[in-house]
>>> print(open('structure-v3.txt').read())   # compact mmCIF, C-alpha atoms
# COMPACT_ATOMS: atom_id res chain seq x y z
CA MET W 1 109.96 115.82 131.22
CA THR W 2 110.66 119.32 129.92
CA PRO W 3 108.85 120.78 126.88
CA ASP W 4 112.05 120.40 124.86
CA GLU W 5 112.35 116.75 125.81
CA ARG W 6 108.70 116.17 124.88
CA GLN W 7 109.34 117.79 121.52
CA VAL W 8 112.35 115.60 120.92
CA GLU W 9 110.21 112.58 121.79
CA ARG W 10 107.55 113.68 119.28
CA GLU W 11 110.14 114.17 116.55
CA ILE W 12 111.55 110.72 117.24
CA TRP W 13 108.07 109.23 116.96
CA ILE W 14 107.50 110.88 113.61
CA ALA W 15 110.84 109.60 112.33
CA LEU W 16 110.05 106.13 113.63
CA GLU W 17 106.64 106.13 111.95
CA ARG W 18 108.24 106.98 108.63
CA LEU W 19 110.93 104.36 109.08
CA VAL W 20 108.47 101.63 110.02
CA THR W 21 106.19 102.49 107.11
CA ARG W 22 109.08 102.32 104.66
CA MET W 23 110.36 99.04 106.05
CA GLU W 24 106.94 97.46 106.07
CA ASN W 25 106.34 98.57 102.51
CA PHE W 26 109.63 96.98 101.56
CA PHE W 27 108.78 93.71 103.29
CA ALA W 28 105.31 93.67 101.77
CA TRP W 29 106.88 94.27 98.37
CA ARG W 30 109.36 91.44 98.91
CA GLN W 31 106.70 89.04 100.10
CA ALA W 32 104.57 89.80 97.05
CA ALA W 33 107.61 89.22 94.85
CA GLN W 34 108.30 85.88 96.54
CA LYS W 35 104.71 84.85 96.05
CA TYR W 36 104.98 85.76 92.39
CA ARG W 37 108.15 83.70 92.06
CA ALA W 38 106.49 80.73 93.72
CA ASP W 39 103.54 81.04 91.35
CA GLN W 40 105.89 81.16 88.40
CA ALA W 41 107.63 78.01 89.58
CA ARG W 42 104.31 76.27 90.07
CA TRP W 43 102.89 77.34 86.72
CA PRO W 44 105.76 77.81 84.25
CA ALA W 45 105.39 79.84 81.07
CA GLY W 46 103.05 78.27 78.55
CA SER W 47 101.45 75.88 81.00
CA PRO W 48 97.67 75.87 81.45
CA GLY W 49 96.64 78.59 83.82
CA SER W 50 99.78 80.64 83.37
CA ILE W 51 99.22 84.36 83.59
CA GLY W 52 100.85 87.25 81.83
CA GLY W 53 102.30 88.85 84.91
CA GLN W 54 101.42 90.50 88.16
CA PHE W 55 100.92 94.17 88.20
CA ALA W 56 101.17 96.74 90.92
CA PRO W 57 98.00 98.75 91.42
CA GLU W 58 97.70 102.11 89.76
CA ASN W 59 98.59 105.34 91.51
CA GLY W 60 100.58 103.73 94.28
CA GLY W 61 97.74 101.47 95.28
CA THR W 62 96.05 103.15 98.26
CA ALA W 63 96.96 102.48 101.78
CA HIS W 64 96.37 98.75 102.09
CA GLY W 65 99.51 96.88 102.45
CA ASN W 66 100.44 93.58 100.91
CA TYR W 67 101.19 94.68 97.44
CA LEU W 68 103.58 96.83 95.58
CA ARG W 69 103.82 100.57 95.96
CA THR W 70 106.40 101.12 93.31
CA GLY W 71 104.91 103.88 91.22
CA ARG W 72 101.94 105.48 89.62
CA ARG W 73 101.72 103.19 86.65
CA PRO W 74 101.26 99.42 86.72
CA VAL W 75 104.65 97.77 87.01
CA GLN W 76 105.16 94.19 85.98
CA LEU W 77 107.54 92.20 88.12
CA ALA W 78 109.61 89.29 86.98
CA PHE W 79 112.68 87.55 88.32
CA ALA W 80 115.99 87.59 86.57
CA GLY W 81 116.50 83.93 87.27
CA ASP W 82 118.30 83.56 90.60
CA ASP W 83 117.22 83.70 94.18
CA THR W 84 118.06 87.26 94.94
CA GLN W 85 117.65 89.38 91.87
CA LEU W 86 114.37 90.95 90.96
CA ALA W 87 113.99 92.69 87.65
CA GLN W 88 111.31 95.23 86.99
CA VAL W 89 109.99 95.08 83.48
CA GLY W 90 107.72 97.83 82.26
CA GLY W 91 104.66 96.90 80.19
CA GLY W 92 104.16 93.77 78.10
CA GLY W 93 103.20 90.43 79.45
CA SER W 94 105.61 87.94 77.99
CA SER W 95 109.09 88.93 79.09
CA GLY W 96 110.80 88.36 82.35
CA GLY W 97 112.49 84.96 82.73
CA ARG W 98 109.52 83.12 84.05
CA GLY W 99 109.89 79.69 85.44
CA GLY W 100 113.66 79.88 85.86
CA GLY W 101 114.16 80.21 89.61
CA PRO W 102 114.07 77.51 92.25
CA ARG W 103 111.12 77.15 94.57
CA PRO W 104 111.16 79.16 97.77
CA PRO W 105 111.81 77.28 101.02
CA ARG W 106 109.01 75.01 102.21
CA GLY W 107 106.66 76.77 104.57
CA GLY W 108 106.54 80.04 102.65
CA PRO W 109 108.53 83.22 103.09
CA PRO W 110 109.92 83.97 106.53
CA GLU W 111 108.19 86.51 108.70
CA GLU W 112 110.61 89.31 107.91
CA SER W 113 108.64 92.05 109.55
CA GLU W 114 108.13 90.34 112.89
CA PHE W 115 111.01 92.16 114.49
CA LEU W 116 108.99 95.31 113.85
CA ALA W 117 106.03 93.93 115.78
CA PRO W 118 106.63 95.91 118.98
CA LEU W 119 106.90 99.16 117.05
CA ARG W 120 103.83 98.27 115.03
CA THR W 121 101.88 97.59 118.19
CA THR W 122 102.91 100.92 119.68
CA LEU W 123 102.02 102.75 116.47
CA TYR W 124 98.68 100.97 116.33
CA PHE W 125 97.62 102.07 119.78
CA ARG W 126 98.96 105.57 119.23
CA ARG W 127 96.83 105.91 116.09
CA LEU W 128 93.87 104.39 117.91
CA ASP W 129 94.23 107.09 120.57
CA GLN W 130 94.37 109.71 117.81
CA LEU W 131 91.21 108.29 116.25
CA ARG W 132 89.44 108.51 119.63
CA LEU W 133 90.44 112.17 119.86
CA VAL W 134 89.53 113.07 116.29
CA GLU W 135 86.24 111.20 116.06
CA PRO W 136 85.13 109.93 119.48
CA ASP W 137 81.90 108.47 118.11
CA ASN W 138 83.55 106.61 115.24
CA PRO W 139 81.57 103.36 114.90
CA HIS W 140 84.70 101.29 114.17
CA ILE W 141 86.59 102.15 117.36
CA ALA W 142 85.20 99.18 119.31
CA TYR W 143 86.12 96.78 116.50
CA LEU W 144 89.55 98.32 115.98
CA SER W 145 90.23 98.20 119.74
CA ASN W 146 89.58 94.47 119.87
CA ILE W 147 93.15 93.38 119.21
CA GLN W 148 94.12 89.99 120.63
CA SER W 149 97.69 89.87 119.34
CA THR W 150 100.24 91.94 117.48
CA PRO W 151 98.39 93.91 114.80
CA SER W 152 99.28 92.95 111.26
CA ILE W 153 100.44 95.40 108.61
CA GLU W 154 96.97 95.18 107.09
CA ALA W 155 95.33 95.97 110.43
CA LEU W 156 97.61 98.98 110.90
CA ASN W 157 96.82 100.17 107.39
CA ARG W 158 93.08 99.74 107.98
CA LEU W 159 93.35 101.82 111.13
CA THR W 160 95.43 104.46 109.34
CA ASP W 161 92.80 104.65 106.60
CA GLU W 162 90.08 105.06 109.20
CA LEU W 163 92.08 107.77 110.96
CA HIS W 164 92.72 109.53 107.65
CA GLY W 165 89.01 109.49 106.84
CA ALA W 166 88.12 110.73 110.32
CA VAL W 167 90.47 113.71 110.09
CA VAL W 168 89.14 114.62 106.64
CA ARG W 169 85.55 114.33 107.91
CA ARG W 170 86.35 116.54 110.88
CA ILE W 171 87.80 119.27 108.65
CA THR W 172 85.06 118.90 106.05
CA ASP W 173 82.37 119.19 108.72
CA PHE W 174 84.04 122.35 109.99
CA VAL W 175 84.54 124.17 106.69
CA THR W 176 81.23 123.01 105.18
CA PRO W 177 78.87 122.49 108.12
CA GLY W 178 75.71 120.82 106.86
CA GLY W 179 77.17 120.95 103.36
CA VAL W 180 77.19 124.76 103.33
CA PRO W 181 80.59 126.50 103.13
CA ILE W 182 81.52 128.39 106.27
CA GLY W 183 81.47 132.22 106.21
CA ARG W 184 81.61 134.00 102.88
CA ARG W 185 83.75 133.80 99.77
CA GLY W 186 87.15 135.47 100.06
CA SER W 187 89.20 137.01 97.28
CA ASN W 188 89.27 133.56 95.65
CA SER W 189 86.99 130.55 95.81
CA ARG W 190 89.61 128.67 97.82
CA ILE W 191 89.45 131.26 100.61
CA ARG W 192 86.59 131.67 103.10
CA GLU W 193 86.16 134.74 105.28
CA VAL W 194 84.75 134.14 108.73
CA PRO W 195 83.81 136.69 111.43
CA GLY W 196 85.42 136.73 114.84
CA GLU W 197 89.03 137.86 114.36
CA LEU W 198 91.84 136.16 116.25
CA LYS W 199 89.66 134.53 118.90
CA SER W 200 87.61 132.67 116.30
CA ALA W 201 90.73 131.82 114.30
CA GLN W 202 92.33 130.35 117.41
CA GLU W 203 89.19 128.34 118.19
CA ALA W 204 89.04 127.02 114.64
CA PHE W 205 92.70 126.10 114.74
CA ASP W 206 92.33 124.36 118.10
CA TYR W 207 89.45 122.32 116.70
CA LEU W 208 91.19 121.36 113.46
CA ARG W 209 94.55 120.47 115.01
CA VAL W 210 93.21 117.79 117.35
CA GLY W 211 95.42 114.70 117.40
CA GLY W 212 98.14 116.42 115.41
CA THR W 213 101.77 117.22 116.19
CA VAL W 214 103.29 120.69 116.29
CA VAL W 215 106.01 121.11 113.67
CA HIS W 216 109.02 122.94 115.04
CA ASN W 217 111.54 122.44 112.28
CA THR W 218 109.92 124.93 109.93
CA ASP W 219 110.08 128.59 108.96
CA TYR W 220 106.29 128.85 108.98
CA VAL W 221 105.22 132.14 110.52
CA GLY W 222 102.80 131.02 113.20
CA THR W 223 101.88 127.64 114.64
CA LEU W 224 101.95 124.68 112.27
CA VAL W 225 100.54 121.25 113.05
CA ARG W 226 101.02 118.00 111.14
CA LEU W 227 97.66 116.26 111.12
CA PRO W 228 97.37 112.59 112.09
CA GLY W 229 96.97 109.89 109.49
CA GLY W 230 99.26 111.63 107.02
CA VAL W 231 96.42 113.94 106.03
CA GLY W 232 98.41 117.16 105.74
CA PHE W 233 98.93 120.35 107.71
CA VAL W 234 96.93 123.05 109.40
CA GLY W 235 98.50 126.33 110.49
CA LEU W 236 97.54 129.50 112.29
CA ARG W 237 99.06 132.82 111.30
CA PRO W 238 98.02 135.67 113.59
CA VAL W 239 98.57 138.18 110.76
CA SER W 240 98.26 137.70 107.01
CA SER W 241 99.27 140.28 104.40
CA SER W 242 95.82 141.85 104.65
CA GLY W 243 96.21 142.11 108.42
CA SER W 244 93.64 139.54 109.40
CA PRO W 245 94.45 136.23 111.11
CA ALA W 246 94.48 133.23 108.80
CA VAL W 247 94.13 129.49 109.21
CA ASP W 248 95.98 127.62 106.46
CA ILE W 249 94.70 124.20 105.47
CA GLU W 250 96.86 121.93 103.32
CA VAL W 251 94.76 118.81 102.89
CA PRO W 252 94.24 117.41 99.37
CA GLU W 253 90.63 116.43 100.05
CA ILE W 254 89.72 119.96 101.20
CA SER W 255 89.26 122.56 98.48
CA TYR W 256 89.46 125.51 100.87
CA LYS W 257 93.06 126.47 101.54
CA ARG W 258 92.54 129.45 103.82
CA LEU W 259 90.17 130.77 106.42
CA HIS W 260 90.51 134.52 106.97
CA TYR W 261 89.11 136.29 110.01
CA PRO W 262 88.87 139.99 109.07
CA SER W 263 88.33 142.66 111.70
CA VAL W 264 85.73 144.41 109.58
CA TRP W 265 82.59 142.39 109.10
CA PRO W 266 79.32 143.79 107.76
CA MET G 1 92.17 129.92 79.00
CA ASN G 2 94.20 126.80 79.75
CA ARG G 3 94.49 125.21 83.19
CA ILE G 4 97.84 126.81 83.96
CA ASP G 5 96.41 130.25 83.22
CA GLU G 6 93.42 129.46 85.44
CA ILE G 7 95.71 128.49 88.30
CA VAL G 8 97.75 131.67 87.79
CA LYS G 9 94.49 133.63 87.95
CA ASP G 10 93.50 131.80 91.16
CA CYS G 11 96.82 132.65 92.77
CA MET G 12 96.57 136.29 91.72
CA GLU G 13 93.18 136.43 93.41
CA ILE G 14 94.62 134.87 96.56
CA ALA G 15 97.33 137.55 96.46
CA GLU G 16 94.65 140.23 96.79
CA SER G 17 94.17 139.26 100.43
CA ASP G 18 97.22 137.24 101.45
CA TYR G 19 100.69 136.13 100.56
CA VAL G 20 100.78 133.25 98.08
CA GLY G 21 102.99 130.38 99.19
CA LEU G 22 104.71 128.07 96.76
CA TRP G 23 102.79 125.41 98.68
CA ASP G 24 99.57 127.03 97.39
CA VAL G 25 100.77 126.63 93.82
CA VAL G 26 101.92 123.06 94.39
CA SER G 27 98.80 121.89 96.20
CA ILE G 28 96.46 123.46 93.64
CA ILE G 29 98.29 121.81 90.74
CA ARG G 30 98.44 118.48 92.55
CA ASP G 31 94.75 118.61 93.51
CA ASP G 32 93.43 119.96 90.21
CA LEU G 33 95.71 118.33 87.66
CA GLY G 34 96.75 115.22 89.59
CA LEU G 35 100.42 115.72 88.79
CA HIS G 36 103.40 114.45 90.79
CA ASP G 37 107.19 114.47 90.79
CA ASN G 38 108.89 116.13 87.80
CA GLU G 39 105.63 117.04 86.09
CA LEU G 40 104.43 118.74 89.25
CA ARG G 41 107.65 120.74 89.55
CA GLU G 42 107.64 121.74 85.88
CA LYS G 43 104.02 122.91 85.93
CA SER G 44 104.56 124.70 89.23
CA LEU G 45 107.44 126.63 87.70
CA GLU G 46 105.18 127.53 84.77
CA VAL G 47 102.66 128.95 87.20
CA VAL G 48 105.39 130.79 89.10
CA ARG G 49 106.54 132.34 85.83
CA GLY G 50 102.98 133.50 85.27
CA LEU G 51 102.83 135.03 88.74
CA LEU G 52 106.12 136.86 88.24
CA GLU G 53 105.02 138.17 84.85
CA ARG G 54 101.84 139.52 86.45
CA GLY G 55 103.63 141.48 89.13
CA LEU G 56 104.15 139.17 92.09
CA TYR G 57 107.55 139.04 93.73
CA PRO G 58 109.17 136.17 95.65
CA GLY G 59 110.45 136.45 99.16
CA ASP G 60 110.85 134.89 102.57
CA TYR G 61 107.95 135.24 104.92
CA LEU G 62 109.62 135.72 108.28
CA LYS G 63 108.43 136.52 111.77
CA THR G 64 110.00 139.95 111.28
CA GLY G 65 108.06 140.54 108.06
CA PHE G 66 108.20 139.79 104.38
CA ARG G 67 111.70 140.01 102.92
CA PHE G 68 111.87 140.08 99.13
CA TRP G 69 114.61 138.19 97.41
CA GLU G 70 117.52 140.30 96.23
CA ASP G 71 117.54 139.14 92.62
CA MET G 72 114.06 139.13 91.15
CA SER G 73 114.80 138.47 87.49
CA ILE G 74 112.43 135.77 86.32
CA GLY G 75 115.09 133.39 85.09
CA ARG G 76 117.09 133.49 88.32
CA VAL G 77 114.01 133.15 90.49
CA LEU G 78 112.89 130.06 88.58
CA ALA G 79 116.38 128.60 88.71
CA ARG G 80 116.61 129.21 92.46
CA ILE G 81 113.23 127.64 93.17
CA ASP G 82 114.10 124.67 90.97
CA ARG G 83 117.42 124.25 92.76
CA GLU G 84 115.96 124.56 96.26
CA TRP G 85 113.07 122.23 95.39
CA LYS G 86 115.47 119.49 94.27
CA ALA G 87 117.63 120.02 97.35
CA LEU G 88 114.55 119.77 99.57
CA GLY G 89 114.00 116.16 98.53
CA GLN G 90 110.24 116.46 98.64
CA ASP G 91 107.50 118.66 97.25
CA PRO G 92 107.13 122.02 99.00
CA ASP G 93 104.45 122.03 101.67
CA LEU G 94 103.35 124.32 104.47
CA ALA G 95 106.33 123.25 106.57
CA HIS G 96 108.85 123.78 103.77
CA THR G 97 107.46 126.17 101.22
CA ILE G 98 110.75 127.57 99.79
CA CYS G 99 109.21 130.99 99.12
CA TRP G 100 106.09 133.11 99.21
CA PHE G 101 104.93 135.78 96.78
CA ASP G 102 103.56 139.26 97.36
CA ARG G 103 102.32 142.00 95.12
CA ARG G 104 104.79 144.75 95.64
CA PRO G 105 108.21 145.19 97.12
CA SER G 106 108.26 147.12 100.36
CA PRO G 107 111.23 148.76 102.07
CA ARG G 108 113.37 146.11 103.63
CA GLY G 109 113.52 146.29 107.39
>>> encode(input="structure-v3.txt", output="structure tokens")
Amino acid sequence: MTPDERQVEREIWIALERLVTRMENFFAWRQAAQKYRADQARWPAGSPGSIGGQFAPENGGTAHGNYLRTGRRPVQLAFAGDDTQLAQVGGGGSSGGRGGGPRPPRGGPPEESEFLAPLRTTLYFRRLDQLRLVEPDNPHIAYLSNIQSTPSIEALNRLTDELHGAVVRRITDFVTPGGVPIGRRGSNSRIREVPGELKSAQEAFDYLRVGGTVVHNTDYVGTLVRLPGGVGFVGLRPVSSSGSPAVDIEVPEISYKRLHYPSVWP
Amino acid sequence: MNRIDEIVKDCMEIAESDYVGLWDVVSIIRDDLGLHDNELREKSLEVVRGLLERGLYPGDYLKTGFRFWEDMSIGRVLARIDREWKALGQDPDLAHTICWFDRRPSPRG
């Protein structure tokens, strides 16, 4: 396989990951909606035990799967009264046509996402490999590796969370070893200056990029890598405007955005 | 000093040693103020206005060097960034930063 073919394969994997995530979110959303409808049919409005509505978690929920990722504010869901329509009703607890729709088919909702199982399995083991690279001594690897059947959406999300945390820990440990920020303060508190010029910058970049994928479709001046687990990006620019090499870090959990490696060091 | 002014000050300090990417502005606002979507874009444009008023200029950071945009009037720069941001379909990041800023125009090569 040529380098170009490998790159095409990587790009396809990234696109597939995004597609699978979106589809699984949709199916999780639909399953939660069906469950809500079944609950409404079982406990109509005004009956003992009836509730005011189900709400999506705040701020998009987090990464765990079987609920609604519809926005940053709680969103109440209610059905418009037939089998297919779902109305979103903001705020309030009393509106929404409760109790109108028929019961769902006996046996619960169909397993809509099962046709994605092979992709999910492949993604799961790919992320497991990434976790092994990023944090070889992660205590959960043995548990996460013990998969007897197709991993569920929840299992994939748990692994993704673990991978996300591992990448953030790896970067945090690098830029604040032992809790002390690396190097010295740069021109701003978000920049650290580190001795060693390009060689050290390259070593830092090689350490931080582990498990990531090189981004080719970009106008970034240098080498840019998308970090695993959806954490963000890390890039190496051999020359910044001040002349020194720079490592760019775009990770929300990391307050340092740049590492500069000036040629002059006291 | 309000938070937007503080972020403008941060970016001006970054500009003392490096180009400032629009991704810097966006990530700082998102991290510090917790904003997303339209609010994030609007506040980012406020910060960009502050950077332009304090002497930074937008441009494309290319392998051949930094190329300043032809039209650097504040209104047109903000309109262009707003337009390209919406066309991008996502928030600017390191891979798609729309533009960078530098302190002074240099002869175009």
>>> residues_around(input="structure-v3.txt", residues="range 73-89 of chain G", least_positions_apart="5", cutoff="10 Å", atoms="all atoms listed in the file", output="PyMOL selection string")
chain G and resi 22+38+41-42+44-46+48-53+57-59+96-99
>>> write_last_selection(input="structure-v3.txt", atoms="C-alpha atoms", output="PDB file, in the coordinates of the input")
ATOM      1  CA  LEU G  22     104.710 128.070  96.760  1.00  0.00           C
ATOM      2  CA  ASN G  38     108.890 116.130  87.800  1.00  0.00           C
ATOM      3  CA  ARG G  41     107.650 120.740  89.550  1.00  0.00           C
ATOM      4  CA  GLU G  42     107.640 121.740  85.880  1.00  0.00           C
ATOM      5  CA  SER G  44     104.560 124.700  89.230  1.00  0.00           C
ATOM      6  CA  LEU G  45     107.440 126.630  87.700  1.00  0.00           C
ATOM      7  CA  GLU G  46     105.180 127.530  84.770  1.00  0.00           C
ATOM      8  CA  VAL G  48     105.390 130.790  89.100  1.00  0.00           C
ATOM      9  CA  ARG G  49     106.540 132.340  85.830  1.00  0.00           C
ATOM     10  CA  GLY G  50     102.980 133.500  85.270  1.00  0.00           C
ATOM     11  CA  LEU G  51     102.830 135.030  88.740  1.00  0.00           C
ATOM     12  CA  LEU G  52     106.120 136.860  88.240  1.00  0.00           C
ATOM     13  CA  GLU G  53     105.020 138.170  84.850  1.00  0.00           C
ATOM     14  CA  TYR G  57     107.550 139.040  93.730  1.00  0.00           C
ATOM     15  CA  PRO G  58     109.170 136.170  95.650  1.00  0.00           C
ATOM     16  CA  GLY G  59     110.450 136.450  99.160  1.00  0.00           C
ATOM     17  CA  HIS G  96     108.850 123.780 103.770  1.00  0.00           C
ATOM     18  CA  THR G  97     107.460 126.170 101.220  1.00  0.00           C
ATOM     19  CA  ILE G  98     110.750 127.570  99.790  1.00  0.00           C
ATOM     20  CA  CYS G  99     109.210 130.990  99.120  1.00  0.00           C
TER      21      CYS G  99
END
>>> residues_around(input="structure-v3.txt", residues="Arg237 in chain W", least_positions_apart="3", cutoff="8 Å", atoms="all atoms listed in the file", output="ChimeraX atom specification")
/W:221-223,240,245-248
>>> interface_residues(input="structure-v3.txt", of="chain W", to="chain G", cutoff="10 Å", atoms="all atoms listed in the file", output="tab-separated table (two decimals) with C-alpha atoms, in the coordinates of the input")
chain	number	residue	atom	x	y	z
W	72	ARG	CA	101.94	105.48	89.62
W	186	GLY	CA	87.15	135.47	100.06
W	187	SER	CA	89.20	137.01	97.28
W	188	ASN	CA	89.27	133.56	95.65
W	189	SER	CA	86.99	130.55	95.81
W	190	ARG	CA	89.61	128.67	97.82
W	191	ILE	CA	89.45	131.26	100.61
W	215	VAL	CA	106.01	121.11	113.67
W	216	HIS	CA	109.02	122.94	115.04
W	217	ASN	CA	111.54	122.44	112.28
W	218	THR	CA	109.92	124.93	109.93
W	219	ASP	CA	110.08	128.59	108.96
W	220	TYR	CA	106.29	128.85	108.98
W	221	VAL	CA	105.22	132.14	110.52
W	222	GLY	CA	102.80	131.02	113.20
W	224	LEU	CA	101.95	124.68	112.27
W	225	VAL	CA	100.54	121.25	113.05
W	226	ARG	CA	101.02	118.00	111.14
W	232	GLY	CA	98.41	117.16	105.74
W	233	PHE	CA	98.93	120.35	107.71
W	234	VAL	CA	96.93	123.05	109.40
W	235	GLY	CA	98.50	126.33	110.49
W	239	VAL	CA	98.57	138.18	110.76
W	240	SER	CA	98.26	137.70	107.01
W	241	SER	CA	99.27	140.28	104.40
W	242	SER	CA	95.82	141.85	104.65
W	243	GLY	CA	96.21	142.11	108.42
W	244	SER	CA	93.64	139.54	109.40
W	246	ALA	CA	94.48	133.23	108.80
W	248	ASP	CA	95.98	127.62	106.46
W	249	ILE	CA	94.70	124.20	105.47
W	250	GLU	CA	96.86	121.93	103.32
W	251	VAL	CA	94.76	118.81	102.89
W	252	PRO	CA	94.24	117.41	99.37
W	253	GLU	CA	90.63	116.43	100.05
W	254	ILE	CA	89.72	119.96	101.20
W	255	SER	CA	89.26	122.56	98.48
W	257	LYS	CA	93.06	126.47	101.54
W	258	ARG	CA	92.54	129.45	103.82
W	260	HIS	CA	90.51	134.52	106.97
>>> atom_distance(input="structure-v3.txt", atom1="CA of Arg132 in chain W", atom2="CA of Glu5 in chain W")
25.1 Å
>>> atom_distance(input="structure-v3.txt", atom1="CA of Thr121 in chain W", atom2="CA of Val210 in chain W")
22.0 Å
>>> axis_aligned_box(input="structure-v3.txt", around="range 257-266 of chain W", padding_each_side="8 Å", output="JSON")
{"center_x": 86.2, "center_y": 135.4, "center_z": 106.6, "size_x": 29.7, "size_y": 33.9, "size_z": 26.2}
>>> atom_distance(input="structure-v3.txt", atom1="CA of Val231 in chain W", atom2="CA of Gly179 in chain W")
20.7 Å
>>> closest_residue(input="structure-v3.txt", among="W:Arg158, W:Arg6, W:Leu259, W:Glu17", to="Pro181 in chain W", atoms="only C-alpha atoms")
W:Leu259
